[in-house]
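Structure file coords34.csv (CSV, C-alpha atoms) is printed below.
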```
chain,number,residue,atom,x,y,z
A,1,MET,CA,5.8,16.0,-72.5
A,2,THR,CA,7.5,16.2,-75.9
A,3,GLN,CA,10.3,14.2,-77.5
A,4,ALA,CA,13.8,14.7,-76.1
A,5,ASN,CA,16.4,16.3,-78.3
A,6,THR,CA,19.3,14.0,-77.6
A,7,PRO,CA,22.8,14.3,-79.2
A,8,SER,CA,24.2,11.7,-81.6
A,9,PRO,CA,24.8,8.3,-80.1
A,10,PRO,CA,26.4,6.8,-78.1
A,11,TYR,CA,24.8,7.9,-74.8
A,12,TYR,CA,22.8,6.2,-72.1
A,13,ALA,CA,19.2,5.6,-71.4
A,14,ALA,CA,17.5,4.7,-68.1
A,15,ILE,CA,14.2,3.0,-69.0
A,16,PHE,CA,11.8,3.2,-66.0
A,17,SER,CA,8.5,1.3,-66.3
A,18,SER,CA,6.0,1.1,-63.5
A,19,THR,CA,2.6,-0.1,-62.4
A,20,HIS,CA,0.7,1.7,-59.7
A,21,THR,CA,-1.3,0.8,-56.6
A,22,GLY,CA,-3.9,3.5,-57.3
A,23,ALA,CA,-2.8,5.5,-54.3
A,24,HIS,CA,-2.0,9.0,-55.6
A,25,ALA,CA,-0.7,10.6,-52.4
A,26,GLY,CA,2.5,12.4,-53.2
A,27,TYR,CA,2.9,11.0,-56.7
A,28,ALA,CA,2.4,14.1,-58.8
A,29,GLU,CA,4.6,16.2,-56.5
A,30,ASP,CA,7.3,13.5,-56.3
A,31,THR,CA,7.4,13.1,-60.0
A,32,GLN,CA,7.9,16.8,-60.5
A,33,THR,CA,10.6,16.9,-57.9
A,34,ILE,CA,12.5,14.1,-59.5
A,35,LEU,CA,12.2,15.7,-62.9
A,36,ASP,CA,13.5,19.0,-61.6
A,37,LEU,CA,16.3,17.2,-59.8
A,38,ALA,CA,17.3,15.2,-62.9
A,39,LYS,CA,17.5,18.3,-65.0
A,40,GLN,CA,20.0,19.8,-62.6
A,41,GLN,CA,22.4,16.9,-62.8
A,42,PRO,CA,25.6,16.9,-64.8
A,43,GLY,CA,25.3,14.5,-67.7
A,44,PHE,CA,21.5,14.8,-68.0
A,45,LEU,CA,20.5,14.9,-71.7
A,46,GLY,CA,16.7,14.8,-71.7
A,47,ILE,CA,13.6,12.8,-70.7
A,48,GLU,CA,10.5,11.3,-72.3
A,49,ALA,CA,7.6,10.1,-70.3
A,50,ALA,CA,4.1,8.7,-71.0
A,51,GLY,CA,1.5,6.9,-68.9
A,52,ASP,CA,-1.9,5.5,-68.9
A,53,ASP,CA,-3.9,3.5,-66.3
A,54,ASP,CA,-1.9,0.3,-66.8
A,55,LEU,CA,1.7,1.4,-67.2
A,56,SER,CA,3.9,4.4,-67.0
A,57,ILE,CA,7.2,4.7,-68.9
A,58,ALA,CA,9.8,7.3,-68.3
A,59,VAL,CA,13.0,7.2,-70.3
A,60,SER,CA,15.8,9.5,-69.2
A,61,TYR,CA,18.9,10.1,-71.2
A,62,TRP,CA,22.4,10.6,-69.8
A,63,ASP,CA,26.0,10.9,-71.0
A,64,SER,CA,27.2,7.8,-69.1
A,65,ASP,CA,26.2,5.0,-66.8
A,66,GLU,CA,28.1,6.8,-64.1
A,67,THR,CA,25.8,9.8,-64.1
A,68,ILE,CA,22.8,7.4,-63.9
A,69,ARG,CA,24.3,5.7,-60.9
A,70,ALA,CA,25.0,9.0,-59.2
A,71,PHE,CA,21.5,10.3,-59.8
A,72,LYS,CA,20.0,7.1,-58.2
A,73,GLN,CA,22.1,7.7,-55.0
A,74,LEU,CA,21.1,11.3,-54.4
A,75,ALA,CA,19.6,11.7,-51.0
A,76,GLU,CA,16.5,13.4,-52.2
A,77,HIS,CA,16.0,10.7,-54.8
A,78,LEU,CA,16.4,7.9,-52.2
A,79,VAL,CA,13.7,9.4,-50.0
A,80,ILE,CA,11.3,9.5,-52.9
A,81,GLN,CA,12.2,5.9,-54.0
A,82,ASN,CA,11.2,4.7,-50.6
A,83,ARG,CA,7.9,6.6,-50.6
A,84,GLY,CA,7.2,5.2,-54.1
A,85,ARG,CA,7.7,1.6,-52.9
A,86,GLU,CA,5.6,2.2,-49.8
A,87,THR,CA,2.8,4.1,-51.5
A,88,TYR,CA,2.1,4.5,-55.2
A,89,TYR,CA,4.3,1.9,-57.0
A,90,LYS,CA,2.9,-1.6,-57.3
A,91,SER,CA,6.0,-2.6,-59.3
A,92,TYR,CA,8.8,-1.0,-61.3
A,93,LYS,CA,11.7,-2.0,-63.4
A,94,VAL,CA,14.8,0.1,-64.4
A,95,ARG,CA,16.8,-1.0,-67.4
A,96,VAL,CA,20.1,0.9,-68.1
A,97,ALA,CA,21.0,0.7,-71.7
A,98,ARG,CA,23.7,2.2,-74.0
A,99,VAL,CA,22.1,3.9,-77.1
A,100,GLU,CA,24.0,2.8,-80.1
A,101,ARG,CA,22.0,4.3,-83.0
A,102,ASP,CA,18.9,6.3,-83.6
A,103,TYR,CA,16.7,7.6,-86.5
A,104,GLY,CA,13.4,9.4,-86.8
A,105,PHE,CA,10.7,11.3,-88.6
A,106,ASN,CA,10.2,15.0,-88.2
A,107,VAL,CA,12.6,15.1,-85.3
B,1,MET,CA,-0.2,-3.5,-71.0
B,2,THR,CA,2.0,-4.9,-68.2
B,3,GLN,CA,5.7,-5.0,-67.6
B,4,ALA,CA,7.8,-7.2,-69.9
B,5,ASN,CA,9.4,-10.2,-68.3
B,6,THR,CA,12.8,-10.0,-69.9
B,7,PRO,CA,15.8,-12.2,-69.3
B,8,SER,CA,19.1,-11.2,-67.6
B,9,PRO,CA,21.0,-8.6,-69.6
B,10,PRO,CA,22.6,-8.1,-72.0
B,11,TYR,CA,19.9,-7.8,-74.6
B,12,TYR,CA,18.6,-5.0,-76.8
B,13,ALA,CA,15.8,-2.4,-76.6
B,14,ALA,CA,14.2,-0.4,-79.4
B,15,ILE,CA,12.8,2.7,-77.7
B,16,PHE,CA,10.1,4.2,-80.0
B,17,SER,CA,8.6,7.5,-78.9
B,18,SER,CA,6.0,9.4,-81.0
B,19,THR,CA,3.7,12.4,-81.2
B,20,HIS,CA,0.5,12.2,-83.1
B,21,THR,CA,-1.4,14.3,-85.6
B,22,GLY,CA,-4.7,13.5,-84.1
B,23,ALA,CA,-5.8,11.5,-87.1
B,24,HIS,CA,-6.8,8.1,-85.8
B,25,ALA,CA,-7.6,6.3,-89.1
B,26,GLY,CA,-5.9,2.9,-89.0
B,27,TYR,CA,-3.9,3.6,-85.9
B,28,ALA,CA,-5.4,1.1,-83.5
B,29,GLU,CA,-5.5,-1.6,-86.1
B,30,ASP,CA,-2.0,-1.0,-87.2
B,31,THR,CA,-0.7,-0.9,-83.7
B,32,GLN,CA,-2.3,-4.3,-83.0
B,33,THR,CA,-0.9,-5.7,-86.3
B,34,ILE,CA,2.6,-4.6,-85.5
B,35,LEU,CA,2.4,-6.0,-82.0
B,36,ASP,CA,1.2,-9.4,-83.3
B,37,LEU,CA,3.9,-9.3,-86.0
B,38,ALA,CA,6.7,-8.5,-83.4
B,39,LYS,CA,5.6,-11.4,-81.2
B,40,GLN,CA,6.1,-13.8,-84.1
B,41,GLN,CA,9.6,-12.7,-84.8
B,42,PRO,CA,12.7,-14.8,-83.7
B,43,GLY,CA,14.6,-12.9,-81.0
B,44,PHE,CA,11.5,-10.9,-79.7
B,45,LEU,CA,11.7,-10.8,-75.9
B,46,GLY,CA,8.8,-8.6,-74.9
B,47,ILE,CA,7.3,-5.1,-75.1
B,48,GLU,CA,6.1,-2.3,-72.9
B,49,ALA,CA,3.9,0.6,-74.1
B,50,ALA,CA,2.2,3.6,-72.6
B,51,GLY,CA,0.7,6.7,-74.1
B,52,ASP,CA,-1.2,9.8,-73.3
B,53,ASP,CA,-2.3,12.8,-75.4
B,54,ASP,CA,1.1,14.3,-75.8
B,55,LEU,CA,3.5,11.3,-76.3
B,56,SER,CA,3.4,7.6,-76.8
B,57,ILE,CA,6.3,5.3,-75.9
B,58,ALA,CA,6.8,1.7,-76.8
B,59,VAL,CA,9.9,-0.1,-75.8
B,60,SER,CA,10.4,-3.5,-77.4
B,61,TYR,CA,13.1,-5.9,-76.3
B,62,TRP,CA,15.1,-8.2,-78.5
B,63,ASP,CA,18.0,-10.6,-78.3
B,64,SER,CA,20.2,-8.6,-80.7
B,65,ASP,CA,20.4,-5.5,-82.9
B,66,GLU,CA,20.2,-7.8,-85.9
B,67,THR,CA,16.7,-9.0,-85.0
B,68,ILE,CA,15.6,-5.3,-84.6
B,69,ARG,CA,17.0,-4.5,-88.1
B,70,ALA,CA,15.2,-7.5,-89.6
B,71,PHE,CA,11.9,-6.5,-88.0
B,72,LYS,CA,12.1,-3.0,-89.4
B,73,GLN,CA,12.5,-4.4,-92.9
B,74,LEU,CA,9.6,-6.8,-92.9
B,75,ALA,CA,7.2,-5.9,-95.8
B,76,GLU,CA,4.2,-5.7,-93.6
B,77,HIS,CA,6.0,-3.4,-91.3
B,78,LEU,CA,7.2,-1.1,-94.1
B,79,VAL,CA,3.7,-0.6,-95.3
B,80,ILE,CA,2.5,0.4,-91.8
B,81,GLN,CA,5.6,2.7,-91.4
B,82,ASN,CA,4.5,4.6,-94.5
B,83,ARG,CA,0.9,4.9,-93.4
B,84,GLY,CA,2.1,6.1,-90.0
B,85,ARG,CA,4.2,8.9,-91.6
B,86,GLU,CA,1.4,9.9,-94.0
B,87,THR,CA,-1.4,9.8,-91.4
B,88,TYR,CA,-1.1,9.5,-87.7
B,89,TYR,CA,2.5,10.3,-86.7
B,90,LYS,CA,3.5,13.9,-86.4
B,91,SER,CA,7.0,12.8,-85.4
B,92,TYR,CA,8.8,9.8,-84.0
B,93,LYS,CA,12.2,8.7,-82.9
B,94,VAL,CA,13.7,5.2,-82.6
B,95,ARG,CA,16.7,4.6,-80.4
B,96,VAL,CA,18.3,1.2,-80.4
B,97,ALA,CA,20.1,0.5,-77.2
B,98,ARG,CA,22.0,-2.4,-75.5
B,99,VAL,CA,20.6,-3.1,-72.1
B,100,GLU,CA,23.5,-3.6,-69.8
B,101,ARG,CA,21.9,-4.0,-66.3
B,102,ASP,CA,18.5,-3.9,-64.7
B,103,TYR,CA,16.8,-3.9,-61.3
B,104,GLY,CA,13.3,-3.6,-60.0
B,105,PHE,CA,10.7,-3.8,-57.3
B,106,ASN,CA,8.1,-6.5,-57.2
B,107,VAL,CA,9.0,-7.7,-60.7
```

Kindly return the structure encoded in the file as structure tokens.
Amino acid sequence: MTQANTPSPPYYAAIFSSTHTGAHAGYAEDTQTILDLAKQQPGFLGIEAAGDDDLSIAVSYWDSDETIRAFKQLAEHLVIQNRGRETYYKSYKVRVARVERDYGFNV
Amino acid sequence: MTQANTPSPPYYAAIFSSTHTGAHAGYAEDTQTILDLAKQQPGFLGIEAAGDDDLSIAVSYWDSDETIRAFKQLAEHLVIQNRGRETYYKSYKVRVARVERDYGFNV
């Protein structure tokens, strides 16, 4: 995955960090489904994700907290959240944050 | 790395995402130095980091935007920022965000 090309702040970020049980059943497919679903939502601005054996981090960017709340409650998303808790996630945390400023190098 | 045990919101996040040139000289040592330096700063609350071949993401948590700005300007940090731009970073972006709410599973 590459870096997200987000607009000028302010906008919102959903910072999702997770640890894994090691059970991979459904994980790759569900991750792709959620990504495709997110991209179809109004207010979606982009996503960045990286992972290694210890921790995965996915930061999705949105135009408002309301669109983040709406995405969480989509039926297809709820089904995958349940499967994640039952199968491949050992733990996760979501932090919803308002991006106030940004800067970069070669972006 | 494990998940950060942050306090109840509000607090601040510095979302640092980067792509790499493939030159590894100094990268591991500099990353460790920056991590050790961050942990010594007043207002530092925790950090989460993950990376793969395409993208690295490190999210550090702080009590205020002022402490994030102060950390950026530390002399030791400035030296490493320069080396990063000259050597191992192809690109990076920093987004400073105010965490407004959080929730999780087994955390």

Please provide chain B as a short mmCIF file (atom, residue, chain, number, x, y, z; two decimals) with C-alpha atoms, in the coordinates of the input, once it has been superposed on chain A by least squares across all sequentially paired Cα atoms.
```cif
data_model
loop_
_atom_site.label_atom_id
_atom_site.label_comp_id
_atom_site.auth_asym_id
_atom_site.auth_seq_id
_atom_site.Cartn_x
_atom_site.Cartn_y
_atom_site.Cartn_z
CA MET B 1 5.77 16.03 -72.54
CA THR B 2 7.53 16.17 -75.94
CA GLN B 3 10.31 14.21 -77.51
CA ALA B 4 13.81 14.63 -76.06
CA ASN B 5 16.32 16.33 -78.28
CA THR B 6 19.29 14.10 -77.64
CA PRO B 7 22.71 14.26 -79.21
CA SER B 8 24.27 11.72 -81.64
CA PRO B 9 24.81 8.34 -80.01
CA PRO B 10 26.42 6.82 -78.09
CA TYR B 11 24.85 7.88 -74.85
CA TYR B 12 22.84 6.13 -72.15
CA ALA B 13 19.13 5.60 -71.37
CA ALA B 14 17.50 4.63 -68.08
CA ILE B 15 14.20 3.02 -69.07
CA PHE B 16 11.87 3.12 -66.01
CA SER B 17 8.53 1.36 -66.38
CA SER B 18 6.00 1.09 -63.51
CA THR B 19 2.56 -0.08 -62.44
CA HIS B 20 0.69 1.73 -59.78
CA THR B 21 -1.31 0.87 -56.69
CA GLY B 22 -3.83 3.52 -57.31
CA ALA B 23 -2.75 5.53 -54.31
CA HIS B 24 -1.96 8.99 -55.58
CA ALA B 25 -0.68 10.64 -52.35
CA GLY B 26 2.54 12.47 -53.19
CA TYR B 27 2.87 11.03 -56.64
CA ALA B 28 2.47 14.14 -58.76
CA GLU B 29 4.62 16.19 -56.47
CA ASP B 30 7.31 13.62 -56.30
CA THR B 31 7.32 13.10 -60.00
CA GLN B 32 7.81 16.85 -60.53
CA THR B 33 10.58 16.93 -57.86
CA ILE B 34 12.47 14.12 -59.47
CA LEU B 35 12.17 15.67 -62.90
CA ASP B 36 13.51 19.03 -61.62
CA LEU B 37 16.28 17.19 -59.74
CA ALA B 38 17.31 15.17 -62.92
CA LYS B 39 17.50 18.36 -64.99
CA GLN B 40 20.03 19.80 -62.54
CA GLN B 41 22.33 16.86 -62.72
CA PRO B 42 25.64 16.92 -64.78
CA GLY B 43 25.32 14.52 -67.72
CA PHE B 44 21.42 14.74 -67.97
CA LEU B 45 20.50 14.87 -71.66
CA GLY B 46 16.72 14.79 -71.65
CA ILE B 47 13.63 12.75 -70.76
CA GLU B 48 10.52 11.32 -72.31
CA ALA B 49 7.48 10.09 -70.32
CA ALA B 50 4.06 8.72 -71.04
CA GLY B 51 1.54 6.89 -68.94
CA ASP B 52 -1.91 5.49 -68.93
CA ASP B 53 -3.90 3.48 -66.36
CA ASP B 54 -1.99 0.29 -66.76
CA LEU B 55 1.71 1.35 -67.18
CA SER B 56 3.86 4.40 -66.99
CA ILE B 57 7.18 4.72 -68.83
CA ALA B 58 9.85 7.31 -68.41
CA VAL B 59 13.01 7.12 -70.36
CA SER B 60 15.76 9.49 -69.24
CA TYR B 61 18.93 10.02 -71.23
CA TRP B 62 22.38 10.59 -69.85
CA ASP B 63 25.94 10.94 -71.03
CA SER B 64 27.17 7.85 -69.14
CA ASP B 65 26.16 5.00 -66.82
CA GLU B 66 28.11 6.75 -64.09
CA THR B 67 25.82 9.79 -64.11
CA ILE B 68 22.76 7.41 -63.89
CA ARG B 69 24.34 5.66 -60.84
CA ALA B 70 25.04 9.02 -59.17
CA PHE B 71 21.47 10.20 -59.73
CA LYS B 72 20.02 7.10 -58.14
CA GLN B 73 22.07 7.72 -55.01
CA LEU B 74 21.16 11.33 -54.44
CA ALA B 75 19.56 11.70 -50.94
CA GLU B 76 16.52 13.42 -52.22
CA HIS B 77 16.00 10.71 -54.72
CA LEU B 78 16.39 7.91 -52.16
CA VAL B 79 13.70 9.38 -50.02
CA ILE B 80 11.26 9.53 -52.97
CA GLN B 81 12.27 5.93 -53.99
CA ASN B 82 11.17 4.73 -50.56
CA ARG B 83 7.90 6.61 -50.62
CA GLY B 84 7.24 5.24 -54.11
CA ARG B 85 7.72 1.62 -52.90
CA GLU B 86 5.62 2.18 -49.76
CA THR B 87 2.79 4.07 -51.51
CA TYR B 88 2.20 4.46 -55.16
CA TYR B 89 4.29 1.85 -57.02
CA LYS B 90 2.95 -1.64 -57.27
CA SER B 91 6.03 -2.64 -59.26
CA TYR B 92 8.76 -1.08 -61.35
CA LYS B 93 11.74 -2.00 -63.41
CA VAL B 94 14.81 0.04 -64.40
CA ARG B 95 16.89 -0.97 -67.36
CA VAL B 96 20.06 0.91 -68.08
CA ALA B 97 21.00 0.74 -71.70
CA ARG B 98 23.67 2.19 -74.09
CA VAL B 99 22.06 3.84 -77.03
CA GLU B 100 23.99 2.81 -80.06
CA ARG B 101 22.03 4.34 -83.02
CA ASP B 102 18.89 6.32 -83.64
CA TYR B 103 16.65 7.57 -86.44
CA GLY B 104 13.40 9.41 -86.73
CA PHE B 105 10.76 11.28 -88.64
CA ASN B 106 10.24 14.97 -88.27
CA VAL B 107 12.56 15.15 -85.25
#
```

### Query
When the cut-off is 9 Å and we count only C-alpha atoms, which residues of chain A are near chain B, given as a VMD selection string?
chain A and resid 1 to 3 9 to 10 12 to 13 15 17 to 19 48 to 59 85 89 to 107

### Message
Report, in Å with one decimal, the straight-line distance from atom CA of B:Arg83 to atom CA of B:Gln41.
### Response
21.4 Å

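Each of A:Thr87, A:Thr6, A:Gln81, A:Thr21 was checked against A:Ile34 using only C-alpha atoms; the smallest atom-to-atom distance is that of A:Gln81.
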
Using 8 Å of padding on each side, determine the axis-aligned box around all atoms of stretch 76-93 of chain A present in the file and give its centre and edge lengths in Å to one decimal, as lines of an AutoDock Vina configuration file.
```
center_x = 9.3
center_y = 5.4
center_z = -56.6
size_x = 30.4
size_y = 32.0
size_z = 29.6
```

### For atom CA of A:Ile47 and atom CA of B:Ser60, the interatomic separation in Å (one decimal)
17.9 Å

### Query
Could you state the separation of atom CA of B:Tyr88 and atom CA of B:Leu45 in Å, given to one decimal place?
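The value is 26.7 Å.
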
### Task
Identify which of the residues A:Ser64, A:Thr33, A:Ser8, A:Gln40 lies closest to A:His77, counting all atoms listed in the file when measuring atom-to-atom distances.
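Going through A:Ser64, A:Thr33, A:Ser8, A:Gln40 one by one, the smallest distance to A:His77 is for A:Thr33.
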